[in-house]
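> Please find one structure pasted underneath; my questions will follow.
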Amino acid sequence: MEFRPCIDIHNGKVKQIVGGSLEDQGDAADENFVSNQDGAFFANLYKREGIKGGHIILLNAVSSEYYEATKQQALNALHAYPGGLQIGGGINAENAASFLKEGASHVIVTSYVFKDGMVNYENLNAICQAVGKEHLVLDLSCRFREDGYYIVTDRWQKFTNEKVTLKLLDDLSQYCDEFLIHAVDVEGKASGIEEELVKVLGEWGKIPVTYAGGVHNFEDLEKLRQLGKNHLNVTIGSALDLFGGTMEYEHVIEYCRQRETKLDR
């Protein structure tokens, strides 16, 4: 279980929000924490510890008046830690390579690939060809609905018809290097992990999968490790002391390193 840090950027600020509260109209979100530090500050923190695979997420739509300020924060972070961070938010086949040139190790994609409620294989092939499978992360962030967890797009506001299943993971893993999965219903709430989702993901373990959402203490970390059969990496946001929480950054790093296992690639 590797610790994968995050830099979430909204309205030009590094912050932690309640995931399900994000709205494009008015660029609104319920905020847990707004940092006085910029993206480069956090990138340098992660660089000093040699932690790779963290993700930068641009939480504004490209059409937002705040998008350029948000993007600049993201670029500052990439420049501070070249090759150390992934980036997502508004990525498509046309602009993906430019973020790699700015220093991203991978680009992260959801909405571009999941169009009209289903996987758009034309777009998936296009972005895979644009950057290469080895530089692509598919974000399968999801919310619970009736009979399981369904992928959501457009900054977690729209449900698709694609359910997170072992078959879907198998199919999509042919196109990407990793998966990133936010449990949106608990994202930013520090109220405990989505145990049923973790169990599903833990049954797989063929390429790296990073889980994010709800972790609020070390008991949650251990539960994630056990239920996920040590197949999952973890992101911690609002519960981390860097973002106003109580879990100490250094202790989280040490805890995960002691339990880290490498996946066969």
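Labels for the structure tokens follow display order: chains A, B, ..., residues from 1 in each chain, ligands from 1.
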Report as a list in words all protein, DNA and RNA residues lying within 7 Å of Gly88 (chain A), evaluated on only C-alpha atoms, omitting residues in the same chain fewer than 3 positions from it.
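Within the cut-off, the hits are Ile56, Ile57, Leu58, Ile91, Val107, Ile108 and Val109 of chain A.
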> So which residues touch Glu194 (chain A) within 9 Å, counting only C-alpha atoms, skipping near sequence neighbours fewer than 2 positions away, as number ranges by chain?
A: 183, 185-186, 192, 196-199, 213-214
> Which is closest to Val215 (chain A) among A:Ser191, A:Ser98, A:Asn230, A:Gln16, if we use only C-alpha atoms?
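Comparing A:Ser191, A:Ser98, A:Asn230, A:Gln16 against Val215 (chain A), the winner is A:Ser191.
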> To one decimal place in Å, what is the distance between CA of Met1 (chain A) and CA of Val252 (chain A)?
11.1 Å
> So what do you get for CA of His251 (chain A) versus CA of Leu75 (chain A), distance-wise?
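Interatomic distance here is 28.3 Å.
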> Compile the contact shell of Val113 (chain A) as a ChimeraX atom specification: residues with an atom at most 6 Å away, counting only C-alpha atoms, same-chain residues fewer than 5 positions apart removed.
/A:119-120,123-124
> Show me, as a ChimeraX atom specification, the residues that have an atom within 9 Å of Thr160 (chain A) when counting only C-alpha atoms, minus same-chain residues fewer than 5 positions from it.
/A:114-119,150-153
> Residues at most 10 Å from Leu240 (chain A), counting only C-alpha atoms, excluding those fewer than 2 positions away in the same chain, as a ChimeraX atom specification?
/A:5,190,215-217,235-238,242-250,252
> Store the residues of this selection in a file with C-alpha atoms, as a compact mmCIF listing (two decimals), in the first residue's frame.

```txt
# COMPACT_ATOMS: atom_id res chain seq x y z
CA PRO A 5 -0.47 12.46 -2.19
CA ALA A 190 -13.32 12.00 6.57
CA VAL A 215 -9.99 7.97 5.26
CA HIS A 216 -9.96 9.73 8.64
CA ASN A 217 -7.62 7.73 10.90
CA THR A 235 -4.79 9.10 -1.06
CA ILE A 236 -5.68 11.08 2.06
CA GLY A 237 -7.03 14.60 1.78
CA SER A 238 -9.03 16.39 4.46
CA LEU A 242 -1.26 19.29 5.71
CA PHE A 243 -4.90 20.09 4.94
CA GLY A 244 -6.17 20.83 8.44
CA GLY A 245 -6.77 17.25 9.61
CA THR A 246 -5.34 15.20 12.46
CA MET A 247 -3.36 12.49 10.64
CA GLU A 248 0.32 13.44 10.65
CA TYR A 249 1.86 13.46 7.18
CA GLU A 250 5.15 11.89 8.33
CA VAL A 252 1.18 8.32 7.24
```
> Just give me the gap between CA of Phe33 (chain A) and CA of Lys13 (chain A) in Å, one decimal is fine.
10.0 Å
> If you count only C-alpha atoms, which residues fall within 12 Å of Val137 (chain A), apart from same-chain ones fewer than 3 positions away, as a ChimeraX atom specification?
/A:53-55,85-89,91,96,104-110,113,124,127-128,131-134,140-141,172-181,207-210
> Keeping only N, CA and C atoms, write the selected residues to a file as a short mmCIF file (atom, residue, chain, number, x, y, z; two decimals), in the first residue's frame.

```
data_model
loop_
_atom_site.label_atom_id
_atom_site.label_comp_id
_atom_site.auth_asym_id
_atom_site.auth_seq_id
_atom_site.Cartn_x
_atom_site.Cartn_y
_atom_site.Cartn_z
N GLY A 53 3.76 9.51 -7.93
CA GLY A 53 2.43 8.99 -8.23
C GLY A 53 1.29 9.78 -7.62
N GLY A 54 1.59 10.91 -6.99
CA GLY A 54 0.53 11.77 -6.48
C GLY A 54 -0.20 12.45 -7.63
N HIS A 55 -1.39 12.94 -7.35
CA HIS A 55 -2.17 13.54 -8.43
C HIS A 55 -2.56 14.98 -8.14
N LEU A 85 4.51 13.81 -10.49
CA LEU A 85 3.09 13.99 -10.25
C LEU A 85 2.27 13.73 -11.51
N GLN A 86 1.05 13.26 -11.30
CA GLN A 86 0.08 13.09 -12.37
C GLN A 86 -0.88 14.28 -12.37
N ILE A 87 -1.58 14.49 -13.47
CA ILE A 87 -2.51 15.63 -13.53
C ILE A 87 -3.79 15.25 -14.25
N GLY A 88 -4.91 15.74 -13.72
CA GLY A 88 -6.20 15.49 -14.32
C GLY A 88 -7.11 16.70 -14.22
N GLY A 89 -8.10 16.74 -15.11
CA GLY A 89 -9.06 17.83 -15.13
C GLY A 89 -9.04 18.53 -16.47
N ILE A 91 -8.59 17.11 -19.38
CA ILE A 91 -7.60 16.51 -20.27
C ILE A 91 -8.29 15.82 -21.45
N ALA A 96 -3.31 16.65 -23.98
CA ALA A 96 -2.66 15.76 -23.01
C ALA A 96 -1.14 15.82 -23.09
N ALA A 104 4.39 16.48 -16.11
CA ALA A 104 3.54 15.42 -15.55
C ALA A 104 4.07 14.05 -15.95
N SER A 105 4.00 13.10 -15.02
CA SER A 105 4.38 11.73 -15.36
C SER A 105 3.26 11.02 -16.11
N HIS A 106 2.02 11.38 -15.77
CA HIS A 106 0.83 10.78 -16.38
C HIS A 106 -0.25 11.86 -16.50
N VAL A 107 -1.17 11.64 -17.42
CA VAL A 107 -2.40 12.43 -17.44
C VAL A 107 -3.54 11.53 -16.97
N ILE A 108 -4.50 12.15 -16.29
CA ILE A 108 -5.63 11.44 -15.70
C ILE A 108 -6.90 11.87 -16.43
N VAL A 109 -7.71 10.90 -16.84
CA VAL A 109 -8.87 11.21 -17.68
C VAL A 109 -10.12 10.49 -17.19
N THR A 110 -11.23 11.23 -17.16
CA THR A 110 -12.54 10.61 -16.93
C THR A 110 -13.52 11.05 -18.03
N VAL A 113 -13.27 10.23 -21.77
CA VAL A 113 -13.40 8.82 -22.15
C VAL A 113 -14.82 8.31 -21.94
N LEU A 124 -10.93 7.00 -26.18
CA LEU A 124 -9.95 6.26 -25.38
C LEU A 124 -8.74 5.89 -26.22
N ILE A 127 -6.61 9.16 -27.01
CA ILE A 127 -5.72 9.69 -25.97
C ILE A 127 -4.61 8.69 -25.64
N CYS A 128 -4.91 7.41 -25.78
CA CYS A 128 -3.88 6.40 -25.57
C CYS A 128 -2.78 6.55 -26.62
N VAL A 131 -0.53 9.89 -25.89
CA VAL A 131 0.47 9.94 -24.81
C VAL A 131 1.12 8.59 -24.51
N GLY A 132 0.51 7.51 -25.01
CA GLY A 132 1.01 6.18 -24.70
C GLY A 132 0.36 5.62 -23.45
N LYS A 133 0.10 4.33 -23.47
CA LYS A 133 -0.52 3.66 -22.33
C LYS A 133 0.24 3.93 -21.04
N GLU A 134 1.57 4.00 -21.13
CA GLU A 134 2.41 4.15 -19.94
C GLU A 134 2.29 5.51 -19.27
N LEU A 140 -11.73 6.35 -12.47
CA LEU A 140 -13.03 5.68 -12.40
C LEU A 140 -13.80 6.11 -11.15
N SER A 141 -13.68 7.36 -10.79
CA SER A 141 -14.38 7.87 -9.62
C SER A 141 -15.87 7.58 -9.74
N LEU A 172 -10.55 -2.05 -19.39
CA LEU A 172 -9.92 -0.74 -19.48
C LEU A 172 -8.42 -0.79 -19.18
N SER A 173 -7.99 -1.80 -18.44
CA SER A 173 -6.57 -1.89 -18.08
C SER A 173 -5.67 -2.10 -19.30
N GLN A 174 -6.26 -2.49 -20.42
CA GLN A 174 -5.48 -2.65 -21.65
C GLN A 174 -5.02 -1.31 -22.21
N TYR A 175 -5.63 -0.22 -21.73
CA TYR A 175 -5.36 1.10 -22.30
C TYR A 175 -4.58 2.02 -21.36
N CYS A 176 -4.37 1.62 -20.11
CA CYS A 176 -3.81 2.57 -19.15
C CYS A 176 -2.77 1.92 -18.25
N ASP A 177 -2.04 2.78 -17.54
CA ASP A 177 -0.98 2.34 -16.64
C ASP A 177 -1.49 2.15 -15.21
N GLU A 178 -2.49 2.94 -14.83
CA GLU A 178 -3.05 2.89 -13.48
C GLU A 178 -4.51 3.30 -13.52
N PHE A 179 -5.20 3.02 -12.40
CA PHE A 179 -6.53 3.57 -12.15
C PHE A 179 -6.48 4.47 -10.92
N LEU A 180 -7.26 5.54 -10.95
CA LEU A 180 -7.50 6.38 -9.78
C LEU A 180 -9.00 6.35 -9.52
N ILE A 181 -9.39 6.05 -8.28
CA ILE A 181 -10.81 5.90 -7.99
C ILE A 181 -11.18 6.66 -6.72
N ILE A 207 -3.09 -4.04 -12.10
CA ILE A 207 -2.23 -2.86 -12.25
C ILE A 207 -2.51 -1.96 -11.05
N PRO A 208 -1.66 -0.96 -10.80
CA PRO A 208 -1.89 -0.11 -9.62
C PRO A 208 -3.25 0.58 -9.63
N VAL A 209 -3.89 0.57 -8.47
CA VAL A 209 -5.17 1.25 -8.25
C VAL A 209 -5.01 2.12 -7.02
N THR A 210 -5.30 3.40 -7.15
CA THR A 210 -5.26 4.32 -6.01
C THR A 210 -6.69 4.63 -5.57
#
```
> When DSSP works through the backbone of this structure, what residues of region 110-198 of chain A end up as alpha helix (DSSP H), shown as a PyMOL selection string?
chain A and resi 121-131+166-172+195-198
> Which of these, A:Gly50, A:Ala29, A:Asp241, A:Glu195, has the shortest distance to Arg225 (chain A) once you count only C-alpha atoms?
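Among A:Gly50, A:Ala29, A:Asp241, A:Glu195, it is A:Glu195 that comes nearest to Arg225 (chain A).
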> Which residue is closest to Phe159 (chain A)? Choose from A:Lys15, A:Gln129, A:Ser111, A:Tyr67 and count only C-alpha atoms.
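For Phe159 (chain A), the nearest of the given residues is A:Ser111.
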